[in-house]
>>> print(open('run.pdb').read())   # PDB, C-alpha atoms and all ligand atoms
ATOM      1  CA  MET A   1      33.477 -13.676 -18.456
ATOM      2  CA  ILE A   2      34.408 -10.204 -17.237
ATOM      3  CA  ASP A   3      35.624 -10.005 -13.652
ATOM      4  CA  LYS A   4      33.603  -7.752 -11.410
ATOM      5  CA  VAL A   5      35.781  -4.979 -10.089
ATOM      6  CA  ARG A   6      35.362  -3.084  -6.849
ATOM      7  CA  ARG A   7      36.801   0.426  -6.860
ATOM      8  CA  ILE A   8      37.592   2.385  -3.739
ATOM      9  CA  TYR A   9      37.756   6.174  -4.031
ATOM     10  CA  ASP A  10      39.451   8.038  -1.204
ATOM     11  CA  ILE A  11      37.455  11.263  -1.038
ATOM     12  CA  SER A  12      39.415  12.781   1.842
ATOM     13  CA  ILE A  13      42.121  15.422   1.527
ATOM     14  CA  PRO A  14      45.591  14.702   2.964
ATOM     15  CA  LEU A  15      46.174  16.669   6.190
ATOM     16  CA  THR A  16      49.256  18.811   5.556
ATOM     17  CA  GLU A  17      50.495  22.298   6.412
ATOM     18  CA  HIS A  18      49.456  23.348   2.908
ATOM     19  CA  LEU A  19      45.726  22.869   3.456
ATOM     20  CA  PRO A  20      43.484  25.881   3.052
ATOM     21  CA  VAL A  21      41.721  26.746   6.338
ATOM     22  CA  TRP A  22      38.901  29.072   7.310
ATOM     23  CA  PRO A  23      40.302  32.629   7.645
ATOM     24  CA  THR A  24      39.852  32.659  11.452
ATOM     25  CA  SER A  25      41.271  29.143  12.031
ATOM     26  CA  GLU A  26      44.746  27.950  12.866
ATOM     27  CA  LYS A  27      46.589  26.041  10.169
ATOM     28  CA  PHE A  28      47.183  22.293  10.491
ATOM     29  CA  ASN A  29      50.591  21.832  12.078
ATOM     30  CA  ILE A  30      52.928  18.905  12.679
ATOM     31  CA  THR A  31      55.979  19.284  14.926
ATOM     32  CA  TRP A  32      58.518  16.623  15.830
ATOM     33  CA  VAL A  33      58.913  15.970  19.549
ATOM     34  CA  LYS A  34      61.347  13.096  19.052
ATOM     35  CA  ASN A  35      63.809  12.569  16.278
ATOM     36  CA  ILE A  36      65.254   9.221  15.222
ATOM     37  CA  ASP A  37      68.863  10.447  15.067
ATOM     38  CA  GLU A  38      68.847  11.843  18.621
ATOM     39  CA  ASP A  39      66.083   9.900  20.403
ATOM     40  CA  GLY A  40      65.999   6.581  18.558
ATOM     41  CA  ILE A  41      62.402   7.137  17.430
ATOM     42  CA  ASN A  42      60.345   9.622  15.492
ATOM     43  CA  GLU A  43      57.313  11.033  17.306
ATOM     44  CA  SER A  44      55.097  13.896  16.220
ATOM     45  CA  HIS A  45      52.692  16.327  17.818
ATOM     46  CA  LEU A  46      49.696  17.517  15.802
ATOM     47  CA  SER A  47      47.653  20.648  16.226
ATOM     48  CA  PHE A  48      44.694  21.513  14.077
ATOM     49  CA  ASN A  49      41.245  23.022  14.097
ATOM     50  CA  THR A  50      38.437  20.427  14.188
ATOM     51  CA  HIS A  51      37.234  21.727  10.809
ATOM     52  CA  SER A  52      40.497  21.017   8.975
ATOM     53  CA  GLY A  53      40.514  19.192   5.665
ATOM     54  CA  THR A  54      37.750  16.643   5.167
ATOM     55  CA  HIS A  55      35.566  16.738   8.287
ATOM     56  CA  ILE A  56      32.039  16.495   9.627
ATOM     57  CA  ASP A  57      29.965  19.148  11.377
ATOM     58  CA  LEU A  58      27.550  17.873  14.009
ATOM     59  CA  PRO A  59      24.584  19.755  15.555
ATOM     60  CA  TYR A  60      26.612  20.912  18.599
ATOM     61  CA  HIS A  61      28.674  23.118  16.240
ATOM     62  CA  PHE A  62      25.744  25.559  15.985
ATOM     63  CA  LEU A  63      23.206  24.395  18.592
ATOM     64  CA  LYS A  64      23.717  24.652  22.338
ATOM     65  CA  PHE A  65      22.095  21.293  23.065
ATOM     66  CA  GLY A  66      22.877  19.596  19.768
ATOM     67  CA  MET A  67      24.418  16.144  19.254
ATOM     68  CA  LYS A  68      28.161  15.726  19.704
ATOM     69  CA  MET A  69      30.431  13.017  18.383
ATOM     70  CA  GLY A  70      29.667  10.833  21.402
ATOM     71  CA  ASP A  71      25.944  10.925  20.543
ATOM     72  CA  ILE A  72      26.197   9.694  16.980
ATOM     73  CA  SER A  73      26.543   6.108  15.788
ATOM     74  CA  LEU A  74      28.483   5.007  12.736
ATOM     75  CA  ASP A  75      25.190   3.827  11.210
ATOM     76  CA  ARG A  76      24.520   7.480  10.430
ATOM     77  CA  LEU A  77      27.810   7.820   8.558
ATOM     78  CA  ILE A  78      27.754   4.710   6.384
ATOM     79  CA  GLY A  79      25.344   3.941   3.554
ATOM     80  CA  LYS A  80      24.287   4.609  -0.026
ATOM     81  CA  ALA A  81      25.309   8.036  -1.322
ATOM     82  CA  LEU A  82      24.473   9.806  -4.550
ATOM     83  CA  VAL A  83      27.090  12.095  -6.090
ATOM     84  CA  PHE A  84      25.350  14.993  -7.842
ATOM     85  CA  GLU A  85      27.419  17.008 -10.300
ATOM     86  CA  TYR A  86      26.616  20.675 -10.673
ATOM     87  CA  PHE A  87      29.062  22.940 -12.479
ATOM     88  CA  GLY A  88      27.241  26.267 -12.379
ATOM     89  CA  ASP A  89      28.654  29.159 -10.410
ATOM     90  CA  ARG A  90      25.539  29.963  -8.372
ATOM     91  CA  ASN A  91      24.721  28.340  -5.068
ATOM     92  CA  ILE A  92      22.833  25.048  -5.282
ATOM     93  CA  GLY A  93      19.080  25.471  -4.824
ATOM     94  CA  PRO A  94      15.799  23.675  -5.532
ATOM     95  CA  GLU A  95      16.023  24.682  -9.213
ATOM     96  CA  HIS A  96      19.013  22.313  -9.478
ATOM     97  CA  LEU A  97      17.994  19.751  -6.876
ATOM     98  CA  ASN A  98      14.545  19.122  -8.377
ATOM     99  CA  LYS A  99      16.322  17.403 -11.296
ATOM    100  CA  ILE A 100      17.615  14.679  -8.979
ATOM    101  CA  THR A 101      15.934  11.317  -8.610
ATOM    102  CA  ILE A 102      17.051   9.898  -5.308
ATOM    103  CA  PRO A 103      17.348   6.116  -5.561
ATOM    104  CA  SER A 104      15.372   4.173  -2.969
ATOM    105  CA  GLY A 105      17.344   3.462   0.194
ATOM    106  CA  CYS A 106      19.717   6.380  -0.473
ATOM    107  CA  THR A 107      19.774   9.084   2.213
ATOM    108  CA  LYS A 108      23.160  10.682   1.564
ATOM    109  CA  LEU A 109      23.912  13.319  -1.056
ATOM    110  CA  LEU A 110      27.331  14.678  -2.093
ATOM    111  CA  PHE A 111      27.753  17.760  -4.278
ATOM    112  CA  LYS A 112      30.574  17.810  -6.806
ATOM    113  CA  THR A 113      30.917  21.383  -8.050
ATOM    114  CA  ILE A 114      33.334  23.723  -9.794
ATOM    115  CA  ASN A 115      35.164  23.828  -6.442
ATOM    116  CA  SER A 116      36.621  20.457  -7.525
ATOM    117  CA  VAL A 117      37.310  21.662 -11.068
ATOM    118  CA  LYS A 118      39.243  24.626  -9.608
ATOM    119  CA  TYR A 119      41.108  22.344  -7.136
ATOM    120  CA  LEU A 120      40.173  24.720  -4.313
ATOM    121  CA  MET A 121      40.926  22.178  -1.543
ATOM    122  CA  GLU A 122      44.460  21.794  -2.897
ATOM    123  CA  GLN A 123      45.310  25.473  -2.852
ATOM    124  CA  ASN A 124      47.214  27.042  -0.020
ATOM    125  CA  GLY A 125      45.051  30.126   0.328
ATOM    126  CA  PHE A 126      41.414  30.285   1.392
ATOM    127  CA  SER A 127      38.961  31.050  -1.412
ATOM    128  CA  GLU A 128      35.850  33.109  -0.579
ATOM    129  CA  ASP A 129      34.237  32.377  -3.928
ATOM    130  CA  TYR A 130      33.274  28.744  -3.621
ATOM    131  CA  VAL A 131      29.956  27.181  -4.612
ATOM    132  CA  ALA A 132      27.730  26.276  -1.655
ATOM    133  CA  LEU A 133      24.149  25.279  -0.808
ATOM    134  CA  SER A 134      21.477  27.993  -0.600
ATOM    135  CA  ILE A 135      19.016  28.222   2.298
ATOM    136  CA  GLU A 136      16.244  26.946  -0.005
ATOM    137  CA  GLY A 137      18.602  24.136  -0.994
ATOM    138  CA  ALA A 138      19.092  23.247   2.683
ATOM    139  CA  GLU A 139      15.294  23.117   3.130
ATOM    140  CA  TRP A 140      15.054  20.838   0.079
ATOM    141  CA  VAL A 141      17.659  18.497   1.605
ATOM    142  CA  VAL A 142      15.688  18.284   4.865
ATOM    143  CA  ASN A 143      12.324  17.823   3.112
ATOM    144  CA  ASN A 144      13.685  15.031   0.916
ATOM    145  CA  GLY A 145      14.819  12.775   3.742
ATOM    146  CA  ILE A 146      18.569  13.296   3.306
ATOM    147  CA  ASP A 147      20.470  12.574   6.562
ATOM    148  CA  LEU A 148      23.995  13.451   5.379
ATOM    149  CA  VAL A 149      25.031  16.094   2.871
ATOM    150  CA  GLY A 150      28.550  16.739   1.583
ATOM    151  CA  ILE A 151      30.392  19.324  -0.495
ATOM    152  CA  ASP A 152      33.834  19.825  -2.041
ATOM    153  CA  TYR A 153      34.947  22.885  -0.080
ATOM    154  CA  LEU A 154      35.326  23.957   3.537
ATOM    155  CA  SER A 155      31.720  25.009   4.154
ATOM    156  CA  ILE A 156      28.277  23.912   3.000
ATOM    157  CA  GLN A 157      27.142  27.518   3.261
ATOM    158  CA  SER A 158      28.330  30.491   1.267
ATOM    159  CA  PHE A 159      31.097  32.654   2.775
ATOM    160  CA  TYR A 160      28.746  35.612   2.351
ATOM    161  CA  ASP A 161      25.844  34.045   4.337
ATOM    162  CA  LYS A 162      26.582  35.516   7.722
ATOM    163  CA  ASP A 163      23.369  34.381   9.457
ATOM    164  CA  ASN A 164      24.334  30.672   9.404
ATOM    165  CA  GLN A 165      20.812  29.654   8.375
ATOM    166  CA  VAL A 166      22.080  26.946   6.023
ATOM    167  CA  HIS A 167      24.068  25.211   8.763
ATOM    168  CA  LYS A 168      21.272  25.703  11.307
ATOM    169  CA  THR A 169      18.527  24.370   9.039
ATOM    170  CA  LEU A 170      20.537  21.206   8.382
ATOM    171  CA  LEU A 171      21.810  20.684  11.920
ATOM    172  CA  GLN A 172      18.456  21.386  13.626
ATOM    173  CA  ASN A 173      17.157  18.463  11.600
ATOM    174  CA  ASN A 174      20.156  16.296  12.542
ATOM    175  CA  VAL A 175      21.531  16.239   9.001
ATOM    176  CA  VAL A 176      25.268  15.498   9.236
ATOM    177  CA  ILE A 177      27.389  17.890   7.155
ATOM    178  CA  LEU A 178      30.493  16.549   5.405
ATOM    179  CA  GLU A 179      32.858  19.287   4.230
ATOM    180  CA  GLY A 180      36.221  19.559   2.472
ATOM    181  CA  LEU A 181      35.648  16.589   0.151
ATOM    182  CA  ASN A 182      37.909  15.548  -2.677
ATOM    183  CA  LEU A 183      35.472  14.536  -5.443
ATOM    184  CA  LYS A 184      37.775  14.983  -8.456
ATOM    185  CA  ASP A 185      37.733  11.346  -9.473
ATOM    186  CA  VAL A 186      34.081  10.485  -8.937
ATOM    187  CA  ARG A 187      31.062  11.297 -11.025
ATOM    188  CA  ASN A 188      27.296  11.419 -10.962
ATOM    189  CA  ASP A 189      26.549   7.944  -9.653
ATOM    190  CA  LEU A 190      25.421   5.908  -6.670
ATOM    191  CA  TYR A 191      28.124   4.629  -4.296
ATOM    192  CA  GLU A 192      28.516   3.121  -0.862
ATOM    193  CA  LEU A 193      29.860   5.823   1.472
ATOM    194  CA  PHE A 194      31.974   5.206   4.585
ATOM    195  CA  VAL A 195      32.781   8.185   6.803
ATOM    196  CA  LEU A 196      35.023   7.425   9.793
ATOM    197  CA  PRO A 197      35.622  10.418  12.090
ATOM    198  CA  LEU A 198      38.125  10.548  14.945
ATOM    199  CA  ASN A 199      36.185   9.463  18.026
ATOM    200  CA  ILE A 200      36.311  12.576  20.204
ATOM    201  CA  PRO A 201      33.077  12.285  22.245
ATOM    202  CA  LYS A 202      32.848  15.938  23.342
ATOM    203  CA  ALA A 203      33.580  17.406  19.928
ATOM    204  CA  GLU A 204      31.213  19.296  17.596
ATOM    205  CA  GLY A 205      32.837  17.638  14.593
ATOM    206  CA  ALA A 206      36.094  15.954  13.580
ATOM    207  CA  PRO A 207      38.382  15.234  10.666
ATOM    208  CA  VAL A 208      37.367  12.070   8.817
ATOM    209  CA  ARG A 209      38.681   9.499   6.414
ATOM    210  CA  ALA A 210      35.905   9.162   3.872
ATOM    211  CA  ILE A 211      35.702   6.660   1.020
ATOM    212  CA  LEU A 212      33.234   5.791  -1.711
ATOM    213  CA  ILE A 213      33.037   2.230  -2.973
ATOM    214  CA  LYS A 214      31.664   1.315  -6.379
ATOM    215  CA  GLU A 215      30.972  -2.337  -7.090
ATOM    216  CA  ASN A 216      31.293  -3.421 -10.730
ATOM    217  CA  ALA A 217      33.117  -0.215 -11.627
TER
HETATM  218 ZN    ZN B 301      32.907  22.445   9.516
END
>>> encode(input="run.pdb", output="structure tokens")
Amino acid sequence: MIDKVRRIYDISIPLTEHLPVWPTSEKFNITWVKNIDEDGINESHLSFNTHSGTHIDLPYHFLKFGMKMGDISLDRLIGKALVFEYFGDRNIGPEHLNKITIPSGCTKLLFKTINSVKYLMEQNGFSEDYVALSIEGAEWVVNNGIDLVGIDYLSIQSFYDKDNQVHKTLLQNNVVILEGLNLKDVRNDLYELFVLPLNIPKAEGAPVRAILIKENA
């Protein structure tokens, strides 16, 4: 008899000073306020933009009266998730998404793209040329009952989309956006997703620890 194996994939990026950040954002920073040789303990102070590393965007990020962290329950952040692999260099649109069959009970969709192949989240500098979701793709996500969508770089929308329609379309429909994912080790498959953000009630988003679990891997 073969033992059933449960595999846990950590799909979050380590928070370090080397992380790429949005061009207008401050870098993640750790400073030591106490040092074990002089003070008997080590103690650190962290400063970072909310959208550092692997993080979620909530409606309040783009909408004046949108939901904040304090308005969202963990039920919305845990559940079946489909990883969809797409290795083209154009933004993801209905022409790609129409090939997906969403399993019943699955409302979360993660995009693994060439951003992962190029290790963009592990490079120091910000890359403008990442693959993102098109506005038509965002409409597809909303119309297909997806309540959480994720991608393997710092924004779900292209760097060149300056009107923010992709974010707004998703967030107006209360779709949670999960950005900065590390999807190198996972493939096209159905998983159980757990997204645990820092609980900052007033915030428009927060860094998260996100994992995928595959039973019988
Ligand atoms: Zn964000």
>>> resolve_selection(input="run.pdb", expression="the PyMOL selection byres (((chain A and resi 5) around 8) and not hetatm)", output="PyMOL selection string")
chain A and resi 3-4+6-7+215-217
>>> residues_near_ligand(input="run.pdb", ligand="ligand ZN 301 (chain B)", cutoff="9 Å", atoms="all atoms listed in the file", output="PDB file with C-alpha atoms, in the frame of the given file")
ATOM      1  CA  THR A  50      38.437  20.427  14.188  1.00  0.00           C
ATOM      2  CA  HIS A  51      37.234  21.727  10.809  1.00  0.00           C
ATOM      3  CA  SER A  52      40.497  21.017   8.975  1.00  0.00           C
ATOM      4  CA  THR A  54      37.750  16.643   5.167  1.00  0.00           C
ATOM      5  CA  HIS A  55      35.566  16.738   8.287  1.00  0.00           C
ATOM      6  CA  ILE A  56      32.039  16.495   9.627  1.00  0.00           C
ATOM      7  CA  ASP A  57      29.965  19.148  11.377  1.00  0.00           C
ATOM      8  CA  LEU A  58      27.550  17.873  14.009  1.00  0.00           C
ATOM      9  CA  HIS A  61      28.674  23.118  16.240  1.00  0.00           C
ATOM     10  CA  LEU A 154      35.326  23.957   3.537  1.00  0.00           C
ATOM     11  CA  SER A 155      31.720  25.009   4.154  1.00  0.00           C
ATOM     12  CA  ILE A 156      28.277  23.912   3.000  1.00  0.00           C
ATOM     13  CA  ILE A 177      27.389  17.890   7.155  1.00  0.00           C
ATOM     14  CA  LEU A 178      30.493  16.549   5.405  1.00  0.00           C
ATOM     15  CA  GLU A 179      32.858  19.287   4.230  1.00  0.00           C
ATOM     16  CA  GLY A 180      36.221  19.559   2.472  1.00  0.00           C
ATOM     17  CA  GLU A 204      31.213  19.296  17.596  1.00  0.00           C
ATOM     18  CA  GLY A 205      32.837  17.638  14.593  1.00  0.00           C
ATOM     19  CA  ALA A 206      36.094  15.954  13.580  1.00  0.00           C
TER      20      ALA A 206
END
>>> closest_atom_pairs(input="run.pdb", of="stretch 157-216 of chain A", to="stretch 71-77 of chain A", cutoff="12 Å", atoms="only C-alpha atoms", output="Markdown table")
| residue | atom | partner | partner_atom | distance |
| --- | --- | --- | --- | --- |
| A:Asn174 | CA | A:Ile72 | CA | 10.0 |
| A:Val175 | CA | A:Arg76 | CA | 9.4 |
| A:Val176 | CA | A:Leu77 | CA | 8.1 |
| A:Ile177 | CA | A:Leu77 | CA | 10.2 |
| A:Leu178 | CA | A:Leu77 | CA | 9.7 |
| A:Glu192 | CA | A:Leu77 | CA | 10.6 |
| A:Leu193 | CA | A:Leu77 | CA | 7.6 |
| A:Phe194 | CA | A:Leu77 | CA | 6.3 |
| A:Val195 | CA | A:Leu77 | CA | 5.3 |
| A:Leu196 | CA | A:Leu77 | CA | 7.3 |
| A:Pro197 | CA | A:Leu77 | CA | 9.0 |
| A:Leu198 | CA | A:Leu74 | CA | 11.3 |
| A:Asn199 | CA | A:Ile72 | CA | 10.0 |
| A:Ile200 | CA | A:Asp71 | CA | 10.5 |
| A:Pro201 | CA | A:Asp71 | CA | 7.5 |
| A:Lys202 | CA | A:Asp71 | CA | 9.0 |
| A:Ala203 | CA | A:Asp71 | CA | 10.0 |
| A:Glu204 | CA | A:Asp71 | CA | 10.3 |
| A:Gly205 | CA | A:Ile72 | CA | 10.6 |
| A:Val208 | CA | A:Leu77 | CA | 10.5 |
| A:Arg209 | CA | A:Leu77 | CA | 11.2 |
| A:Ala210 | CA | A:Leu77 | CA | 9.4 |
| A:Ile211 | CA | A:Leu77 | CA | 11.0 |
| A:Leu212 | CA | A:Leu77 | CA | 11.8 |
>>> closest_residue(input="run.pdb", among="A:Val131, A:Ile213, A:Asn35, A:Asp147", to="A:Gln172", atoms="all atoms listed in the file")
A:Asp147
>>> closest_residue(input="run.pdb", among="A:Tyr119, A:Tyr86, A:Tyr9, A:Phe48", to="A:Trp22", atoms="all atoms listed in the file")
A:Phe48
>>> atom_distance(input="run.pdb", atom1="atom CA of A:Phe159", atom2="atom CA of A:Ile13")
20.5 Å
>>> resolve_selection(input="run.pdb", expression="the PyMOL selection byres (((chain A and resi 26) around 12) and not hetatm)", output="list in words")
Glu17, His18, Leu19, Pro20, Val21, Trp22, Pro23, Thr24, Ser25, Lys27, Phe28, Asn29, Leu46, Ser47, Phe48, Asn49, Thr50, His51 and Ser52 of chain A
>>> axis_aligned_box(input="run.pdb", around="stretch 146-150 of chain A", padding_each_side="3 Å", output="AutoDock Vina command-line options")
--center_x 23.6 --center_y 14.7 --center_z 4.1 --size_x 16.0 --size_y 10.2 --size_z 11.0
>>> closest_atom_pairs(input="run.pdb", of="stretch 112-180 of chain A", to="stretch 93-102 of chain A", cutoff="9 Å", atoms="all atoms listed in the file", output="Markdown table")
| residue | atom | partner | partner_atom | distance |
| --- | --- | --- | --- | --- |
| A:Leu133 | CA | A:Gly93 | CA | 6.5 |
| A:Ser134 | CA | A:Gly93 | CA | 5.5 |
| A:Ile135 | CA | A:Gly93 | CA | 7.6 |
| A:Glu136 | CA | A:Gly93 | CA | 5.8 |
| A:Gly137 | CA | A:Gly93 | CA | 4.1 |
| A:Ala138 | CA | A:Gly93 | CA | 7.8 |
| A:Glu139 | CA | A:Pro94 | CA | 8.7 |
| A:Trp140 | CA | A:Pro94 | CA | 6.3 |
| A:Val141 | CA | A:Leu97 | CA | 8.6 |
| A:Asn144 | CA | A:Ile102 | CA | 8.7 |
>>> build_atoms(input="run.pdb", residues="stretch 104-119 of chain A", atoms="N, CA, C and O atoms", output="PDB file, in the coordinates of the input")
ATOM      1  N   SER A 104      15.960   4.620  -4.232  1.00  0.00           N
ATOM      2  CA  SER A 104      15.372   4.173  -2.969  1.00  0.00           C
ATOM      3  C   SER A 104      16.468   3.622  -2.064  1.00  0.00           C
ATOM      4  O   SER A 104      17.431   2.997  -2.530  1.00  0.00           O
ATOM      5  N   GLY A 105      16.350   3.909  -0.781  1.00  0.00           N
ATOM      6  CA  GLY A 105      17.344   3.462   0.194  1.00  0.00           C
ATOM      7  C   GLY A 105      18.543   4.387   0.304  1.00  0.00           C
ATOM      8  O   GLY A 105      19.433   4.167   1.119  1.00  0.00           O
ATOM      9  N   CYS A 106      18.585   5.437  -0.518  1.00  0.00           N
ATOM     10  CA  CYS A 106      19.717   6.380  -0.473  1.00  0.00           C
ATOM     11  C   CYS A 106      19.314   7.607   0.337  1.00  0.00           C
ATOM     12  O   CYS A 106      18.311   8.254   0.030  1.00  0.00           O
ATOM     13  N   THR A 107      20.097   7.917   1.370  1.00  0.00           N
ATOM     14  CA  THR A 107      19.774   9.084   2.213  1.00  0.00           C
ATOM     15  C   THR A 107      20.957  10.049   2.319  1.00  0.00           C
ATOM     16  O   THR A 107      20.960  10.925   3.172  1.00  0.00           O
ATOM     17  N   LYS A 108      21.975   9.826   1.474  1.00  0.00           N
ATOM     18  CA  LYS A 108      23.160  10.682   1.564  1.00  0.00           C
ATOM     19  C   LYS A 108      23.452  11.285   0.189  1.00  0.00           C
ATOM     20  O   LYS A 108      23.384  10.589  -0.820  1.00  0.00           O
ATOM     21  N   LEU A 109      23.773  12.583   0.195  1.00  0.00           N
ATOM     22  CA  LEU A 109      23.912  13.319  -1.056  1.00  0.00           C
ATOM     23  C   LEU A 109      25.201  14.144  -1.011  1.00  0.00           C
ATOM     24  O   LEU A 109      25.426  14.900  -0.061  1.00  0.00           O
ATOM     25  N   LEU A 110      26.059  13.945  -2.032  1.00  0.00           N
ATOM     26  CA  LEU A 110      27.331  14.678  -2.093  1.00  0.00           C
ATOM     27  C   LEU A 110      27.334  15.563  -3.337  1.00  0.00           C
ATOM     28  O   LEU A 110      27.001  15.103  -4.432  1.00  0.00           O
ATOM     29  N   PHE A 111      27.731  16.818  -3.164  1.00  0.00           N
ATOM     30  CA  PHE A 111      27.753  17.760  -4.278  1.00  0.00           C
ATOM     31  C   PHE A 111      29.164  17.921  -4.828  1.00  0.00           C
ATOM     32  O   PHE A 111      30.065  18.362  -4.120  1.00  0.00           O
ATOM     33  N   LYS A 112      29.314  17.546  -6.103  1.00  0.00           N
ATOM     34  CA  LYS A 112      30.574  17.810  -6.806  1.00  0.00           C
ATOM     35  C   LYS A 112      30.359  19.054  -7.657  1.00  0.00           C
ATOM     36  O   LYS A 112      29.478  19.076  -8.523  1.00  0.00           O
ATOM     37  N   THR A 113      31.148  20.081  -7.410  1.00  0.00           N
ATOM     38  CA  THR A 113      30.917  21.383  -8.050  1.00  0.00           C
ATOM     39  C   THR A 113      32.188  21.886  -8.725  1.00  0.00           C
ATOM     40  O   THR A 113      33.218  21.203  -8.733  1.00  0.00           O
ATOM     41  N   ILE A 114      32.118  23.134  -9.200  1.00  0.00           N
ATOM     42  CA  ILE A 114      33.334  23.723  -9.794  1.00  0.00           C
ATOM     43  C   ILE A 114      34.431  23.917  -8.746  1.00  0.00           C
ATOM     44  O   ILE A 114      35.574  24.178  -9.098  1.00  0.00           O
ATOM     45  N   ASN A 115      34.099  23.781  -7.459  1.00  0.00           N
ATOM     46  CA  ASN A 115      35.164  23.828  -6.442  1.00  0.00           C
ATOM     47  C   ASN A 115      36.197  22.733  -6.733  1.00  0.00           C
ATOM     48  O   ASN A 115      37.390  22.931  -6.541  1.00  0.00           O
ATOM     49  N   SER A 116      35.708  21.562  -7.176  1.00  0.00           N
ATOM     50  CA  SER A 116      36.621  20.457  -7.525  1.00  0.00           C
ATOM     51  C   SER A 116      37.384  20.773  -8.804  1.00  0.00           C
ATOM     52  O   SER A 116      38.585  20.506  -8.904  1.00  0.00           O
ATOM     53  N   VAL A 117      36.672  21.337  -9.786  1.00  0.00           N
ATOM     54  CA  VAL A 117      37.310  21.662 -11.068  1.00  0.00           C
ATOM     55  C   VAL A 117      38.442  22.674 -10.849  1.00  0.00           C
ATOM     56  O   VAL A 117      39.487  22.619 -11.486  1.00  0.00           O
ATOM     57  N   LYS A 118      38.229  23.582  -9.904  1.00  0.00           N
ATOM     58  CA  LYS A 118      39.243  24.626  -9.608  1.00  0.00           C
ATOM     59  C   LYS A 118      40.278  24.155  -8.586  1.00  0.00           C
ATOM     60  O   LYS A 118      41.135  24.949  -8.183  1.00  0.00           O
ATOM     61  N   TYR A 119      40.177  22.908  -8.133  1.00  0.00           N
ATOM     62  CA  TYR A 119      41.108  22.344  -7.136  1.00  0.00           C
ATOM     63  C   TYR A 119      41.213  23.219  -5.877  1.00  0.00           C
ATOM     64  O   TYR A 119      42.293  23.391  -5.315  1.00  0.00           O
TER      65      TYR A 119
END
